[in-house]
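Student: Can you read through this structure? Questions will come right after.
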Amino acid sequence: MTAVRDWEQLSACQGYDPDLWFSDRTRGRAIAICDGCLVRKECLATVLAREDGVAKGQRLGIAAGLTGAQRWGLARRNTGISEVRTE
């Protein structure tokens, strides 16, 4: 069982089906819920820490109102790592 952090009790996503954040069909609704959340910053910090080192394609679902690709890009900008390009 995972311990609940205090800020999670204030999250806008409480009570919703978790699958809402993992479906292309409901992505817009999930993002809208996150956009109005009082603890979005805490959620983002937590998910970025949890996904540290995780590949772009493995960051699934919506978290803190961002897609996995958006979170990957944000994490790379925050660490100053640029994407390696092969030509």
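Here's how to read the names in the structure tokens: chain A, B, ... by the order shown, residue numbers from 1 in each chain, ligand numbers from 1 in the order shown.
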Would you mind writing down, as a PyMOL selection string, each residue of chain A that DSSP on the backbone assigns to alpha helix (DSSP H)?

Tutor: chain A and resi 27-35+40-50+68-79

Student: Write out the residues from the selection above, keeping N, CA and C atoms, as a JSON list (two decimals), in the first residue's frame.

Tutor:
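Okay, this is what ended up in again_37.json:
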[["chain", "number", "residue", "atom", "x", "y", "z"],
["A", 27, "ARG", "N", -8.20, 12.17, -22.97],
["A", 27, "ARG", "CA", -7.04, 13.03, -22.67],
["A", 27, "ARG", "C", -7.45, 14.47, -22.37],
["A", 28, "GLY", "N", -8.31, 15.06, -23.19],
["A", 28, "GLY", "CA", -8.73, 16.45, -22.99],
["A", 28, "GLY", "C", -9.41, 16.66, -21.65],
["A", 29, "ARG", "N", -10.23, 15.72, -21.27],
["A", 29, "ARG", "CA", -10.92, 15.81, -19.97],
["A", 29, "ARG", "C", -9.92, 15.72, -18.82],
["A", 30, "ALA", "N", -8.96, 14.81, -18.93],
["A", 30, "ALA", "CA", -7.95, 14.67, -17.88],
["A", 30, "ALA", "C", -7.12, 15.95, -17.76],
["A", 31, "ILE", "N", -6.73, 16.52, -18.88],
["A", 31, "ILE", "CA", -5.94, 17.75, -18.86],
["A", 31, "ILE", "C", -6.74, 18.87, -18.23],
["A", 32, "ALA", "N", -8.02, 18.97, -18.55],
["A", 32, "ALA", "CA", -8.88, 20.01, -17.97],
["A", 32, "ALA", "C", -8.98, 19.87, -16.46],
["A", 33, "ILE", "N", -9.10, 18.66, -15.97],
["A", 33, "ILE", "CA", -9.16, 18.43, -14.53],
["A", 33, "ILE", "C", -7.85, 18.87, -13.88],
["A", 34, "CYS", "N", -6.74, 18.49, -14.48],
["A", 34, "CYS", "CA", -5.43, 18.88, -13.95],
["A", 34, "CYS", "C", -5.24, 20.40, -13.97],
["A", 35, "ASP", "N", -5.69, 21.04, -15.04],
["A", 35, "ASP", "CA", -5.51, 22.48, -15.17],
["A", 35, "ASP", "C", -6.15, 23.26, -14.02],
["A", 40, "ARG", "N", -1.22, 21.15, -8.50],
["A", 40, "ARG", "CA", -0.59, 20.74, -9.76],
["A", 40, "ARG", "C", 0.94, 20.80, -9.68],
["A", 41, "LYS", "N", 1.48, 21.82, -9.04],
["A", 41, "LYS", "CA", 2.94, 21.95, -8.93],
["A", 41, "LYS", "C", 3.53, 20.79, -8.13],
["A", 42, "GLU", "N", 2.88, 20.41, -7.05],
["A", 42, "GLU", "CA", 3.35, 19.29, -6.24],
["A", 42, "GLU", "C", 3.28, 17.99, -7.02],
["A", 43, "CYS", "N", 2.20, 17.83, -7.78],
["A", 43, "CYS", "CA", 2.03, 16.64, -8.62],
["A", 43, "CYS", "C", 3.14, 16.58, -9.66],
["A", 44, "LEU", "N", 3.41, 17.70, -10.32],
["A", 44, "LEU", "CA", 4.44, 17.73, -11.34],
["A", 44, "LEU", "C", 5.81, 17.40, -10.76],
["A", 45, "ALA", "N", 6.14, 17.99, -9.63],
["A", 45, "ALA", "CA", 7.43, 17.71, -8.99],
["A", 45, "ALA", "C", 7.56, 16.22, -8.65],
["A", 46, "THR", "N", 6.48, 15.64, -8.16],
["A", 46, "THR", "CA", 6.49, 14.22, -7.79],
["A", 46, "THR", "C", 6.64, 13.32, -9.00],
["A", 47, "VAL", "N", 5.89, 13.61, -10.06],
["A", 47, "VAL", "CA", 5.96, 12.75, -11.25],
["A", 47, "VAL", "C", 7.31, 12.90, -11.95],
["A", 48, "LEU", "N", 7.88, 14.10, -11.98],
["A", 48, "LEU", "CA", 9.19, 14.28, -12.61],
["A", 48, "LEU", "C", 10.26, 13.51, -11.83],
["A", 49, "ALA", "N", 10.17, 13.52, -10.51],
["A", 49, "ALA", "CA", 11.12, 12.76, -9.69],
["A", 49, "ALA", "C", 10.95, 11.27, -9.92],
["A", 50, "ARG", "N", 9.71, 10.81, -9.99],
["A", 50, "ARG", "CA", 9.43, 9.38, -10.20],
["A", 50, "ARG", "C", 9.89, 8.92, -11.57],
["A", 68, "GLY", "N", 3.21, 12.45, -21.45],
["A", 68, "GLY", "CA", 4.53, 11.90, -21.17],
["A", 68, "GLY", "C", 5.62, 12.59, -21.96],
["A", 69, "ALA", "N", 5.36, 12.88, -23.22],
["A", 69, "ALA", "CA", 6.35, 13.56, -24.06],
["A", 69, "ALA", "C", 6.62, 14.97, -23.54],
["A", 70, "GLN", "N", 5.58, 15.65, -23.10],
["A", 70, "GLN", "CA", 5.76, 16.99, -22.55],
["A", 70, "GLN", "C", 6.58, 16.95, -21.26],
["A", 71, "ARG", "N", 6.32, 15.97, -20.42],
["A", 71, "ARG", "CA", 7.08, 15.83, -19.17],
["A", 71, "ARG", "C", 8.53, 15.51, -19.45],
["A", 72, "TRP", "N", 8.77, 14.66, -20.46],
["A", 72, "TRP", "CA", 10.13, 14.31, -20.85],
["A", 72, "TRP", "C", 10.89, 15.56, -21.30],
["A", 73, "GLY", "N", 10.24, 16.37, -22.15],
["A", 73, "GLY", "CA", 10.87, 17.59, -22.63],
["A", 73, "GLY", "C", 11.16, 18.57, -21.50],
["A", 74, "LEU", "N", 10.22, 18.71, -20.59],
["A", 74, "LEU", "CA", 10.41, 19.59, -19.44],
["A", 74, "LEU", "C", 11.56, 19.11, -18.58],
["A", 75, "ALA", "N", 11.64, 17.82, -18.34],
["A", 75, "ALA", "CA", 12.72, 17.26, -17.52],
["A", 75, "ALA", "C", 14.07, 17.50, -18.19],
["A", 76, "ARG", "N", 14.13, 17.35, -19.49],
["A", 76, "ARG", "CA", 15.39, 17.56, -20.21],
["A", 76, "ARG", "C", 15.80, 19.03, -20.17],
["A", 77, "ARG", "N", 14.84, 19.93, -20.31],
["A", 77, "ARG", "CA", 15.16, 21.37, -20.22],
["A", 77, "ARG", "C", 15.63, 21.72, -18.82],
["A", 78, "ASN", "N", 14.99, 21.14, -17.81],
["A", 78, "ASN", "CA", 15.36, 21.43, -16.42],
["A", 78, "ASN", "C", 16.74, 20.93, -16.06],
["A", 79, "THR", "N", 17.20, 19.88, -16.72],
["A", 79, "THR", "CA", 18.53, 19.34, -16.41],
["A", 79, "THR", "C", 19.59, 19.87, -17.36]]

Student: For Ile62 in chain A, please output as number ranges by chain all residues within 6 Å (counting only C-alpha atoms; exclusion window: fewer than 4 positions along the same chain).

Tutor: A: 21, 66-67

Student: Let's have the selection written as a compact mmCIF listing (two decimals), in the first residue's frame, with N, CA and C atoms.

Tutor:
# COMPACT_ATOMS: atom_id res chain seq x y z
N TRP A 21 -6.84 9.05 -17.23
CA TRP A 21 -5.55 9.69 -17.53
C TRP A 21 -4.69 8.87 -18.50
N LEU A 66 0.10 17.28 -18.18
CA LEU A 66 1.07 17.13 -19.26
C LEU A 66 1.12 15.69 -19.75
N THR A 67 1.36 15.54 -21.05
CA THR A 67 1.57 14.21 -21.61
C THR A 67 2.95 13.72 -21.22

Student: Would you mind reading off the distance between CA of Gly15 in chain A and CA of Val39 in chain A, one decimal, in Å?

Tutor: 15.4 Å

Student: Which is closer to Gly65 in chain A than all the others in A:Cys13, A:Arg5, A:Asp19, A:Asp52, using only C-alpha atoms?

Tutor: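 Under the stated criterion, the closest residue is A:Cys13.
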